[in-house]
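S.K.: Input file: protein_15.csv. Contents: CSV, C-alpha atoms and all ligand atoms.
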chain,number,residue,atom,x,y,z
A,1207,MET,CA,95.7,94.4,100.2
A,1208,PRO,CA,93.7,94.6,96.9
A,1209,ARG,CA,90.1,95.6,97.2
A,1210,PRO,CA,87.7,92.7,97.6
A,1211,VAL,CA,85.5,92.0,94.5
A,1212,PHE,CA,82.0,90.6,94.8
A,1213,ARG,CA,79.5,89.6,92.1
A,1214,PHE,CA,75.8,88.9,91.8
A,1215,ALA,CA,75.5,86.6,88.8
A,1216,PRO,CA,71.8,85.7,87.9
A,1217,SER,CA,70.7,83.8,84.9
A,1218,PRO,CA,68.1,85.8,83.0
A,1219,ASN,CA,65.5,83.1,82.6
A,1220,GLY,CA,62.7,84.9,84.5
A,1221,ARG,CA,62.2,87.7,87.0
A,1222,LEU,CA,64.2,87.6,90.2
A,1223,HIS,CA,62.7,86.2,93.3
A,1224,LEU,CA,63.4,86.6,97.1
A,1225,GLY,CA,66.3,84.2,96.9
A,1226,HIS,CA,68.1,86.3,94.3
A,1227,ALA,CA,67.3,89.4,96.4
A,1228,LEU,CA,69.1,87.9,99.4
A,1229,SER,CA,72.1,87.1,97.2
A,1230,ALA,CA,72.3,90.5,95.6
A,1231,LEU,CA,71.8,92.3,99.0
A,1232,LEU,CA,74.5,90.2,100.7
A,1233,ASN,CA,77.0,90.8,97.9
A,1234,ALA,CA,76.4,94.5,97.9
A,1235,GLU,CA,76.5,94.7,101.7
A,1236,ALA,CA,79.8,92.7,101.9
A,1237,ALA,CA,81.3,95.1,99.3
A,1238,ARG,CA,80.0,98.1,101.3
A,1239,ARG,CA,81.4,96.9,104.5
A,1240,THR,CA,84.9,96.2,103.0
A,1241,GLY,CA,85.2,99.1,100.7
A,1242,GLY,CA,85.1,96.4,98.0
A,1243,ARG,CA,83.6,96.4,94.5
A,1244,PHE,CA,80.1,95.0,93.6
A,1245,LEU,CA,79.8,93.6,90.0
A,1246,LEU,CA,76.8,92.4,88.2
A,1247,ARG,CA,77.2,89.5,85.8
A,1248,ILE,CA,74.4,88.3,83.5
A,1249,GLU,CA,74.8,84.5,82.9
A,1250,ASP,CA,73.1,84.4,79.5
A,1251,ILE,CA,74.9,81.5,77.8
A,1252,ASP,CA,71.6,79.9,76.9
A,1253,PRO,CA,70.2,81.7,74.0
A,1254,SER,CA,66.8,80.0,74.2
A,1255,ARG,CA,66.2,81.3,77.7
A,1256,ALA,CA,68.1,84.6,77.8
A,1257,ILE,CA,65.4,86.9,76.7
A,1258,GLU,CA,66.3,90.5,76.5
A,1259,ALA,CA,63.2,91.5,78.5
A,1260,HIS,CA,64.4,89.3,81.4
A,1261,VAL,CA,67.8,91.0,81.3
A,1262,ALA,CA,66.1,94.4,81.5
A,1263,GLY,CA,63.9,93.0,84.3
A,1264,VAL,CA,67.0,91.8,86.3
A,1265,LEU,CA,68.7,95.2,86.0
A,1266,ASN,CA,65.4,96.9,87.0
A,1267,ASP,CA,64.9,94.7,90.0
A,1268,VAL,CA,68.5,95.1,91.3
A,1269,ALA,CA,68.2,98.9,90.9
A,1270,TRP,CA,64.8,98.9,92.7
A,1271,LEU,CA,66.5,97.2,95.7
A,1272,GLY,CA,68.6,100.3,95.9
A,1273,LEU,CA,71.9,98.6,94.8
A,1274,ALA,CA,74.5,100.2,92.6
A,1275,TRP,CA,76.8,98.1,90.5
A,1276,GLU,CA,79.9,98.9,88.5
A,1277,GLN,CA,79.6,99.4,84.7
A,1278,PRO,CA,79.8,97.8,82.4
A,1279,VAL,CA,77.6,94.8,83.2
A,1280,HIS,CA,79.4,91.6,82.2
A,1281,ARG,CA,77.2,89.5,79.8
A,1282,GLN,CA,78.5,86.0,79.3
A,1283,SER,CA,77.0,85.8,75.8
A,1284,GLU,CA,79.6,88.4,74.8
A,1285,HIS,CA,82.6,86.4,76.1
A,1286,MET,CA,82.2,83.0,74.3
A,1287,ALA,CA,85.8,83.3,72.9
A,1288,ALA,CA,87.2,83.3,76.4
A,1289,TYR,CA,85.3,80.1,77.3
A,1290,ARG,CA,86.4,78.5,74.0
A,1291,GLU,CA,90.1,79.4,74.8
A,1292,ALA,CA,89.9,77.7,78.2
A,1293,PHE,CA,88.2,74.7,76.7
A,1294,THR,CA,90.9,74.4,74.0
A,1295,ARG,CA,93.6,74.3,76.7
A,1296,LEU,CA,91.8,71.4,78.4
A,1297,LYS,CA,91.4,69.7,75.1
A,1298,ALA,CA,95.1,70.1,74.3
A,1299,ALA,CA,95.8,68.5,77.6
A,1300,GLY,CA,93.7,65.5,76.6
A,1301,LEU,CA,91.3,66.0,79.4
A,1302,VAL,CA,88.0,66.2,77.5
A,1303,TYR,CA,86.2,63.9,75.0
A,1304,PRO,CA,83.1,64.3,72.7
A,1305,CYS,CA,79.9,62.7,73.8
A,1306,PHE,CA,76.9,62.1,71.4
A,1307,ALA,CA,74.6,60.5,73.9
A,1308,THR,CA,71.1,61.9,74.4
A,1309,ARG,CA,69.7,62.3,77.9
A,1310,GLY,CA,67.3,59.4,77.0
A,1311,GLU,CA,70.2,57.2,76.1
A,1312,ILE,CA,72.0,58.0,79.4
A,1313,THR,CA,68.8,57.2,81.4
A,1314,ALA,CA,68.3,54.0,79.5
A,1315,ALA,CA,71.9,52.9,80.0
A,1316,VAL,CA,71.7,53.2,83.8
A,1317,ALA,CA,68.1,52.0,84.1
A,1318,THR,CA,69.1,48.3,84.4
A,1319,LYS,CA,71.8,49.0,87.0
A,1320,SER,CA,70.5,48.8,90.5
A,1321,ASP,CA,71.6,51.6,92.9
A,1322,TRP,CA,73.3,53.6,90.1
A,1323,PRO,CA,74.6,56.8,91.8
A,1324,CYS,CA,73.3,60.3,91.2
A,1325,ASP,CA,75.4,63.5,91.1
A,1326,PRO,CA,74.8,66.1,93.8
A,1327,ASP,CA,72.1,67.7,91.6
A,1328,GLY,CA,70.2,64.4,91.5
A,1329,ALA,CA,71.0,63.5,87.9
A,1330,PRO,CA,72.3,59.9,87.2
A,1331,LEU,CA,76.1,59.9,87.0
A,1332,TYR,CA,77.2,59.7,83.4
A,1333,PRO,CA,78.0,56.0,82.7
A,1334,GLY,CA,80.9,56.7,80.4
A,1335,LEU,CA,79.2,55.8,77.2
A,1336,TRP,CA,81.6,57.8,74.9
A,1337,ARG,CA,84.6,57.8,77.2
A,1338,GLY,CA,87.5,56.2,75.2
A,1339,ALA,CA,85.4,55.8,72.1
A,1340,ALA,CA,87.3,54.8,68.9
A,1341,PRO,CA,88.1,57.6,66.5
A,1342,GLY,CA,86.1,55.9,63.8
A,1343,ALA,CA,83.0,55.7,66.0
A,1344,VAL,CA,83.4,59.4,66.8
A,1345,ALA,CA,83.8,60.4,63.2
A,1346,ALA,CA,80.7,58.4,62.2
A,1347,ALA,CA,78.6,59.9,65.0
A,1348,HIS,CA,79.8,63.3,64.0
A,1349,ALA,CA,78.6,62.8,60.5
A,1350,ALA,CA,75.3,61.2,61.5
A,1351,ILE,CA,74.3,63.3,64.6
A,1352,GLY,CA,76.2,66.6,64.3
A,1353,ALA,CA,78.1,68.4,67.0
A,1354,PRO,CA,78.7,66.6,70.3
A,1355,ALA,CA,78.8,67.8,73.9
A,1356,TRP,CA,82.3,67.7,75.4
A,1357,ARG,CA,82.8,66.1,78.8
A,1358,LEU,CA,85.7,66.4,81.2
A,1359,ASP,CA,87.3,63.0,81.8
A,1360,MET,CA,87.2,63.2,85.6
A,1361,THR,CA,89.6,60.3,86.2
A,1362,LYS,CA,92.2,61.8,83.9
A,1363,ALA,CA,91.6,65.3,85.2
A,1364,LEU,CA,92.1,64.2,88.8
A,1365,ALA,CA,95.2,62.3,87.8
A,1366,ALA,CA,96.6,65.4,86.1
A,1367,LEU,CA,96.6,67.5,89.2
A,1368,ALA,CA,100.1,68.5,89.9
A,1369,SER,CA,100.0,69.3,93.6
A,1370,GLY,CA,98.2,68.8,96.8
A,1371,PRO,CA,94.6,67.9,97.5
A,1372,LEU,CA,91.8,70.0,96.1
A,1373,SER,CA,89.9,72.1,98.6
A,1374,TRP,CA,88.2,75.5,99.1
A,1375,THR,CA,87.8,77.9,101.9
A,1376,GLU,CA,84.1,78.1,103.0
A,1377,THR,CA,82.7,80.8,105.3
A,1378,GLY,CA,79.0,80.3,104.8
A,1379,ALA,CA,76.4,78.7,107.1
A,1380,GLY,CA,78.4,79.2,110.3
A,1381,LEU,CA,81.4,77.5,108.9
A,1382,HIS,CA,85.0,78.7,108.5
A,1383,GLU,CA,86.6,75.7,107.1
A,1384,THR,CA,88.6,74.2,104.5
A,1385,ILE,CA,86.3,71.9,102.5
A,1386,ALA,CA,87.8,68.9,100.6
A,1387,ALA,CA,86.5,68.9,97.0
A,1388,ASP,CA,84.5,65.8,96.0
A,1389,CYS,CA,84.9,65.9,92.2
A,1390,ALA,CA,84.3,62.2,91.7
A,1391,ALA,CA,80.7,62.8,92.9
A,1392,TRP,CA,80.1,64.7,89.7
A,1393,GLY,CA,81.6,62.2,87.2
A,1394,ASP,CA,82.4,63.4,83.7
A,1395,VAL,CA,80.7,66.8,83.7
A,1396,VAL,CA,79.7,68.5,80.5
A,1397,LEU,CA,82.0,71.5,79.7
A,1398,LEU,CA,80.6,72.3,76.2
A,1399,ARG,CA,77.0,71.7,75.6
A,1400,LYS,CA,75.7,70.4,72.2
A,1401,GLU,CA,73.8,73.6,71.5
A,1402,VAL,CA,76.0,76.1,73.4
A,1403,PRO,CA,79.8,76.3,73.1
A,1404,THR,CA,80.3,76.5,76.9
A,1405,SER,CA,78.6,75.4,80.2
A,1406,TYR,CA,77.7,76.9,83.5
A,1407,HIS,CA,80.8,75.4,85.2
A,1408,LEU,CA,83.3,76.5,82.5
A,1409,SER,CA,82.0,80.0,82.1
A,1410,VAL,CA,81.6,80.8,85.8
A,1411,VAL,CA,85.2,79.7,86.5
A,1412,VAL,CA,86.6,81.7,83.5
A,1413,ASP,CA,84.6,84.8,84.5
A,1414,ASP,CA,85.4,84.7,88.2
A,1415,ALA,CA,89.1,84.8,87.2
A,1416,ARG,CA,88.7,87.4,84.5
A,1417,GLN,CA,86.7,89.7,86.7
A,1418,GLY,CA,89.1,89.3,89.6
A,1419,ILE,CA,86.4,88.0,92.0
A,1420,THR,CA,87.9,87.5,95.4
A,1421,HIS,CA,84.7,86.4,97.3
A,1422,VAL,CA,81.9,84.2,95.7
A,1423,VAL,CA,78.8,84.8,97.8
A,1424,ARG,CA,76.0,82.7,96.4
A,1425,GLY,CA,73.2,80.3,97.5
A,1426,ARG,CA,73.8,77.0,99.2
A,1427,ASP,CA,72.3,75.2,96.2
A,1428,LEU,CA,75.7,75.8,94.5
A,1429,TYR,CA,77.8,74.5,97.4
A,1430,HIS,CA,78.6,71.1,95.7
A,1431,ALA,CA,79.3,72.7,92.3
A,1432,THR,CA,82.3,74.4,94.0
A,1433,SER,CA,84.2,71.0,93.8
A,1434,VAL,CA,84.0,71.2,90.0
A,1435,HIS,CA,84.9,74.9,90.1
A,1436,VAL,CA,88.1,74.5,92.1
A,1437,LEU,CA,89.1,71.6,89.9
A,1438,LEU,CA,88.8,73.7,86.8
A,1439,GLN,CA,90.6,76.6,88.4
A,1440,ARG,CA,93.5,74.2,89.2
A,1441,LEU,CA,93.6,72.7,85.7
A,1442,LEU,CA,93.5,76.1,84.1
A,1443,GLY,CA,96.0,77.7,86.5
A,1444,LEU,CA,93.4,80.3,87.7
A,1445,PRO,CA,93.2,81.7,91.3
A,1446,SER,CA,90.5,80.4,93.6
A,1447,PRO,CA,88.2,82.9,95.3
A,1448,LEU,CA,86.9,82.4,98.8
A,1449,TYR,CA,83.4,80.9,98.9
A,1450,HIS,CA,80.5,81.9,101.1
A,1451,HIS,CA,77.3,79.9,100.4
A,1452,HIS,CA,74.4,81.6,102.1
A,1453,ARG,CA,71.1,80.1,103.3
A,1454,LEU,CA,68.3,79.6,100.8
A,1455,ILE,CA,64.9,81.2,101.0
A,1456,LEU,CA,62.3,78.5,101.0
A,1457,GLY,CA,58.8,78.7,99.6
A,1458,PRO,CA,55.6,77.8,101.5
A,1459,ASP,CA,56.1,74.2,100.3
A,1460,GLY,CA,59.5,74.1,102.0
A,1461,ARG,CA,61.4,73.9,98.7
A,1462,LYS,CA,63.9,76.4,97.5
A,1463,LEU,CA,62.3,79.2,95.4
A,1464,SER,CA,62.5,78.7,91.6
A,1465,LYS,CA,61.6,80.8,88.7
A,1466,SER,CA,60.4,77.7,86.8
A,1467,ARG,CA,58.0,76.7,89.5
A,1468,GLY,CA,56.5,80.2,89.4
A,1469,SER,CA,57.8,81.5,92.8
A,1470,GLU,CA,56.6,85.0,93.5
A,1471,SER,CA,58.9,87.5,91.8
A,1472,LEU,CA,60.2,90.8,93.1
A,1473,HIS,CA,58.3,92.4,90.3
A,1474,THR,CA,55.0,90.9,91.5
A,1475,LEU,CA,55.7,92.0,95.1
A,1476,ARG,CA,56.6,95.5,93.9
A,1477,THR,CA,53.5,95.8,91.8
A,1478,ALA,CA,51.5,94.8,94.9
A,1479,GLY,CA,53.0,97.7,96.7
A,1480,ALA,CA,56.0,96.1,98.5
A,1481,THR,CA,59.0,98.3,99.2
A,1482,PRO,CA,62.7,97.2,99.3
A,1483,ASP,CA,62.4,97.3,103.1
A,1484,ASP,CA,59.6,94.8,102.9
A,1485,VAL,CA,61.9,92.6,100.8
A,1486,ARG,CA,64.5,92.8,103.5
A,1487,ARG,CA,61.9,91.7,106.1
A,1488,LEU,CA,60.7,88.9,103.9
A,1489,VAL,CA,64.3,87.5,103.6
A,1490,ASN,CA,64.9,88.0,107.3
A,1491,TRP,CA,67.6,90.4,106.6
A,1492,ALA,CA,70.4,89.9,109.1
A,1493,PRO,CA,73.7,90.7,107.5
A,1494,ASP,CA,75.7,90.6,110.8
A,1495,ARG,CA,74.6,87.0,111.1
A,1496,ASP,CA,74.7,86.0,107.4
A,1497,LEU,CA,78.1,87.6,106.7
A,1498,ALA,CA,79.6,86.8,110.1
A,1499,LEU,CA,82.4,84.5,109.1
A,1500,LEU,CA,83.2,85.9,105.7
A,1501,SER,CA,86.9,86.3,105.4
A,1502,LEU,CA,87.5,89.9,105.0
A,1503,PRO,CA,90.7,91.9,105.1
A,1504,SER,CA,91.0,93.8,108.4
B,1601,LIG,N1,73.8,82.0,87.4
B,1601,LIG,C1,73.6,81.2,88.6
B,1601,LIG,C2,72.2,81.2,89.1
B,1601,LIG,O1,71.4,82.1,88.7
B,1601,LIG,C3,74.5,81.6,89.8
B,1601,LIG,C4,76.0,81.4,89.5
B,1601,LIG,C5,76.9,81.6,90.6
B,1601,LIG,O2,76.7,82.4,91.5
B,1601,LIG,O3,78.0,80.9,90.6
B,1601,LIG,O4,71.8,80.4,89.8
Translate the structure of the given file into structure tokens.
M.R.:
Amino acid sequence: MPRPVFRFAPSPNGRLHLGHALSALLNAEAARRTGGRFLLRIEDIDPSRAIEAHVAGVLNDVAWLGLAWEQPVHRQSEHMAAYREAFTRLKAAGLVYPCFATRGEITAAVATKSDWPCDPDGAPLYPGLWRGAAPGAVAAAHAAIGAPAWRLDMTKALAALASGPLSWTETGAGLHETIAADCAAWGDVVLLRKEVPTSYHLSVVVDDARQGITHVVRGRDLYHATSVHVLLQRLLGLPSPLYHHHRLILGPDGRKLSKSRGSESLHTLRTAGATPDDVRRLVNWAPDRDLALLSLPS
């Protein structure tokens, strides 16, 4: 049986908070319990937000928690060629198309439609503005606007699946179940952004495979994204890890912690004198419960 491989994969757009601490601690603990490997991946595809100081801060915070990760740290900004290669394969299969619409145009296009559905993240489902656009219109938009985003044609992608229904094995939140993927709920997701030649979905799937991740342990906020991830894995012929979506740490307002809403960071807690054990108390550290159903080799 190969060694299990776990990863903690924060985006360096601020200091880590208690929710990240729970994720990092659970991944490291699962690796410890199984004799597995614990990797750190910096998801810095977004150059405007990936500030070097934040990367240093992330490494510092994880080390302060007392966790040791394997070297080298995988930084997504250094692997753009791999994401491009995966994208090129989807393009060659005719499963993607360029989209020049702005967020404002998408909002305006759905504003008049009553009960227009939203994706699981709460954004209005893409109304297909550029799906099936004529080559001439695409060329004209290219000349006038510049580089497009590239979207997955979800209908074509689902039709291209060779075998069996799409699902994943979930062991988080008291479940040990096969979950049927609901890809249509996402519509035509962006795989290459206008300003970044990849996307969260594409790079996470490529990297989980390249790094040999066997168990994805991450917050419940990414549960629905797993549908897109298993679809991309199937389309690209990549293995699917097991998924364990853990509970979220909520702030005093009952909402999940967020760097952008200024949730208290580990750094602030530490400066105020907190210890890593205090952090464990604050996240209600209970690995026997939180990792109970994780599928591990015996
Ligand atoms: N980078 C993502 C975040 O910070 C996590 C990605 C993942 O675990 O799949 O929320």
S.K.: Could you give me, as a list in words, the residues that have an atom at most 7 Å away from the point (84.6, 72.0, 96.0) in the coordinates of the file, using all atoms listed in the file?
M.R.: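 The distance filter leaves exactly Ser1373, Trp1374, Ile1385, Ala1386, Ala1387, Asp1388, His1430, Ala1431, Thr1432, Ser1433, Val1434, His1435 and Val1436 of chain A.
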S.K.: Against ligand LIG 1601 (chain B), which residues of chain A fall within 7 Å? For each one I want the closest pair of atoms and the distance in Å (one decimal), counting all atoms listed in the file, rows by chain and increasing residue number, as CSV.
M.R.:
residue,atom,partner,partner_atom,distance
A:Phe1214,CA,B:LIG1601,O2,6.6
A:Ala1215,CA,B:LIG1601,N1,5.1
A:Pro1216,CA,B:LIG1601,O1,3.7
A:Ser1217,CA,B:LIG1601,O1,4.2
A:Glu1249,CA,B:LIG1601,N1,5.2
A:Val1410,CA,B:LIG1601,O3,6.0
A:Val1422,CA,B:LIG1601,O2,6.9
A:Arg1424,CA,B:LIG1601,O2,5.0
A:Leu1428,CA,B:LIG1601,O3,6.8
S.K.: Where does range 1348-1433 of chain A meet range 1304-1316 of chain A within 8 Å, residue by residue, with the nearest atom pair and distance in Å to one decimal for each, counting only C-alpha atoms, listed by chain and rising number, as JSON lines?
M.R.:
{"residue": "A:Ile1351", "atom": "CA", "partner": "A:Phe1306", "partner_atom": "CA", "distance": 7.4}
{"residue": "A:Ala1353", "atom": "CA", "partner": "A:Phe1306", "partner_atom": "CA", "distance": 7.8}
{"residue": "A:Pro1354", "atom": "CA", "partner": "A:Phe1306", "partner_atom": "CA", "distance": 5.0}
{"residue": "A:Ala1355", "atom": "CA", "partner": "A:Cys1305", "partner_atom": "CA", "distance": 5.2}
{"residue": "A:Trp1356", "atom": "CA", "partner": "A:Pro1304", "partner_atom": "CA", "distance": 4.4}
{"residue": "A:Arg1357", "atom": "CA", "partner": "A:Pro1304", "partner_atom": "CA", "distance": 6.4}
S.K.: Write a file of the selected residues as a compact mmCIF listing (two decimals), in the frame of the given file, keeping C-alpha atoms.
M.R.:
# COMPACT_ATOMS: atom_id res chain seq x y z
CA ILE A 1351 74.30 63.30 64.60
CA ALA A 1353 78.10 68.40 67.00
CA PRO A 1354 78.70 66.60 70.30
CA ALA A 1355 78.80 67.80 73.90
CA TRP A 1356 82.30 67.70 75.40
CA ARG A 1357 82.80 66.10 78.80
S.K.: Smallest atom-to-atom distance to Arg1486 in chain A: which of A:Gly1225, A:Pro1333, A:Gly1378, A:Pro1326, using all atoms listed in the file?
M.R.: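 Ranked by minimum distance to Arg1486 in chain A, first place goes to A:Gly1225.
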S.K.: Which of these residues is nearest to His1451 in chain A, using only C-alpha atoms: A:Ala1298, A:Leu1228, A:Leu1222, A:Ala1391?
M.R.: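 Nearest candidate to His1451 in chain A out of A:Ala1298, A:Leu1228, A:Leu1222, A:Ala1391: A:Leu1228.
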S.K.: Point out the residue among A:Val1264, A:Ala1480, A:Leu1331, A:Val1211 with the least atom-to-atom distance to Lys1319 in chain A, counting only C-alpha atoms.
M.R.: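 With only C-alpha atoms as the atom set, the closest residue is A:Leu1331.
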S.K.: Please determine, counting only C-alpha atoms, which residue among A:Ala1478, A:Ala1234, A:Val1402, A:Val1411 has the shortest atom-to-atom distance to Ile1251 in chain A.
M.R.: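 Of the candidates, the smallest distance to Ile1251 in chain A is held by A:Val1402.
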S.K.: Select, from A:Val1396, A:Leu1358, A:Val1489, A:Val1302, the residue with the minimum atom-to-atom distance to Leu1454 in chain A, counting all atoms listed in the file.
M.R.: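 Looking at the shortest contact to Leu1454 in chain A, the residue is A:Val1489.
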S.K.: At what distance in Å, to one decimal, does CA of Ile1248 in chain A lie from CA of Arg1221 in chain A?
M.R.: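 Value for the CA of Arg1221 in chain A-CA of Ile1248 in chain A distance: 12.7 Å.
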S.K.: Which is closest to Arg1495 in chain A among A:Arg1281, A:Arg1295, A:Lys1462, A:Arg1453, if we use all atoms listed in the file?
M.R.: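 Among the listed residues, the smallest separation from Arg1495 in chain A belongs to A:Arg1453.
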S.K.: Figure out the distance between CA of Gly1328 in chain A and CA of Val1395 in chain A, please, to one decimal in Å.
M.R.: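 According to the coordinates, CA of Val1395 in chain A and CA of Gly1328 in chain A are separated by 13.3 Å.
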S.K.: The residues within 12 Å of (87.4, 84.4, 87.9), using all atoms listed in the file and the coordinates of the file, should be reported as number ranges by chain; which are they?
M.R.: A: 1211-1213, 1247, 1288-1289, 1407-1422, 1435-1436, 1438-1440, 1442-1448
S.K.: How would the residues just chosen look if you wrote them out with C-alpha atoms as an mmCIF file, in the coordinates of the input?
M.R.:
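Written out: again.cif:
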data_model
loop_
_atom_site.group_PDB
_atom_site.id
_atom_site.type_symbol
_atom_site.label_atom_id
_atom_site.label_comp_id
_atom_site.auth_asym_id
_atom_site.auth_seq_id
_atom_site.Cartn_x
_atom_site.Cartn_y
_atom_site.Cartn_z
ATOM 1 C CA VAL A 1211 85.500 92.000 94.500
ATOM 2 C CA PHE A 1212 82.000 90.600 94.800
ATOM 3 C CA ARG A 1213 79.500 89.600 92.100
ATOM 4 C CA ARG A 1247 77.200 89.500 85.800
ATOM 5 C CA ALA A 1288 87.200 83.300 76.400
ATOM 6 C CA TYR A 1289 85.300 80.100 77.300
ATOM 7 C CA HIS A 1407 80.800 75.400 85.200
ATOM 8 C CA LEU A 1408 83.300 76.500 82.500
ATOM 9 C CA SER A 1409 82.000 80.000 82.100
ATOM 10 C CA VAL A 1410 81.600 80.800 85.800
ATOM 11 C CA VAL A 1411 85.200 79.700 86.500
ATOM 12 C CA VAL A 1412 86.600 81.700 83.500
ATOM 13 C CA ASP A 1413 84.600 84.800 84.500
ATOM 14 C CA ASP A 1414 85.400 84.700 88.200
ATOM 15 C CA ALA A 1415 89.100 84.800 87.200
ATOM 16 C CA ARG A 1416 88.700 87.400 84.500
ATOM 17 C CA GLN A 1417 86.700 89.700 86.700
ATOM 18 C CA GLY A 1418 89.100 89.300 89.600
ATOM 19 C CA ILE A 1419 86.400 88.000 92.000
ATOM 20 C CA THR A 1420 87.900 87.500 95.400
ATOM 21 C CA HIS A 1421 84.700 86.400 97.300
ATOM 22 C CA VAL A 1422 81.900 84.200 95.700
ATOM 23 C CA HIS A 1435 84.900 74.900 90.100
ATOM 24 C CA VAL A 1436 88.100 74.500 92.100
ATOM 25 C CA LEU A 1438 88.800 73.700 86.800
ATOM 26 C CA GLN A 1439 90.600 76.600 88.400
ATOM 27 C CA ARG A 1440 93.500 74.200 89.200
ATOM 28 C CA LEU A 1442 93.500 76.100 84.100
ATOM 29 C CA GLY A 1443 96.000 77.700 86.500
ATOM 30 C CA LEU A 1444 93.400 80.300 87.700
ATOM 31 C CA PRO A 1445 93.200 81.700 91.300
ATOM 32 C CA SER A 1446 90.500 80.400 93.600
ATOM 33 C CA PRO A 1447 88.200 82.900 95.300
ATOM 34 C CA LEU A 1448 86.900 82.400 98.800
#
S.K.: Kindly give the distance, in Å, that separates CA of Thr1240 in chain A and CA of Gly1380 in chain A, rounded to a single decimal.
M.R.: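 Result for CA of Thr1240 in chain A versus CA of Gly1380 in chain A: 19.6 Å, one decimal.
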S.K.: Please rebuild range 1431-1436 of chain A with all heavy atoms and return the result as a JSON list (two decimals), in the coordinates of the input.
M.R.:
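New file result.json:
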[["chain", "number", "residue", "atom", "x", "y", "z"],
["A", 1431, "ALA", "N", 78.70, 72.34, 93.64],
["A", 1431, "ALA", "CA", 79.30, 72.70, 92.30],
["A", 1431, "ALA", "C", 80.71, 73.26, 92.54],
["A", 1431, "ALA", "O", 81.55, 73.22, 91.62],
["A", 1431, "ALA", "CB", 78.43, 73.70, 91.62],
["A", 1432, "THR", "N", 80.99, 73.76, 93.74],
["A", 1432, "THR", "CA", 82.30, 74.40, 94.00],
["A", 1432, "THR", "C", 83.42, 73.35, 93.81],
["A", 1432, "THR", "O", 84.54, 73.71, 93.42],
["A", 1432, "THR", "CB", 82.32, 74.95, 95.44],
["A", 1432, "THR", "OG1", 81.13, 75.72, 95.61],
["A", 1432, "THR", "CG2", 83.52, 75.84, 95.66],
["A", 1433, "SER", "N", 83.14, 72.07, 94.02],
["A", 1433, "SER", "CA", 84.20, 71.00, 93.80],
["A", 1433, "SER", "C", 84.64, 71.09, 92.33],
["A", 1433, "SER", "O", 85.84, 71.03, 92.05],
["A", 1433, "SER", "CB", 83.60, 69.64, 94.08],
["A", 1433, "SER", "OG", 83.40, 69.48, 95.46],
["A", 1434, "VAL", "N", 83.69, 71.18, 91.41],
["A", 1434, "VAL", "CA", 84.00, 71.20, 90.00],
["A", 1434, "VAL", "C", 84.78, 72.57, 89.70],
["A", 1434, "VAL", "O", 85.74, 72.60, 88.93],
["A", 1434, "VAL", "CB", 82.78, 71.13, 89.10],
["A", 1434, "VAL", "CG1", 83.15, 71.25, 87.63],
["A", 1434, "VAL", "CG2", 82.07, 69.81, 89.37],
["A", 1435, "HIS", "N", 84.34, 73.63, 90.34],
["A", 1435, "HIS", "CA", 84.90, 74.90, 90.10],
["A", 1435, "HIS", "C", 86.40, 74.99, 90.50],
["A", 1435, "HIS", "O", 87.26, 75.47, 89.76],
["A", 1435, "HIS", "CB", 84.10, 76.05, 90.71],
["A", 1435, "HIS", "CG", 82.69, 76.08, 90.20],
["A", 1435, "HIS", "ND1", 81.70, 76.84, 90.73],
["A", 1435, "HIS", "CD2", 82.12, 75.38, 89.17],
["A", 1435, "HIS", "CE1", 80.57, 76.63, 90.05],
["A", 1435, "HIS", "NE2", 80.81, 75.74, 89.12],
["A", 1436, "VAL", "N", 86.69, 74.46, 91.69],
["A", 1436, "VAL", "CA", 88.10, 74.50, 92.10],
["A", 1436, "VAL", "C", 88.97, 73.58, 91.29],
["A", 1436, "VAL", "O", 90.15, 73.85, 91.06],
["A", 1436, "VAL", "CB", 88.28, 74.27, 93.65],
["A", 1436, "VAL", "CG1", 87.69, 75.42, 94.46],
["A", 1436, "VAL", "CG2", 87.71, 72.95, 94.10]]
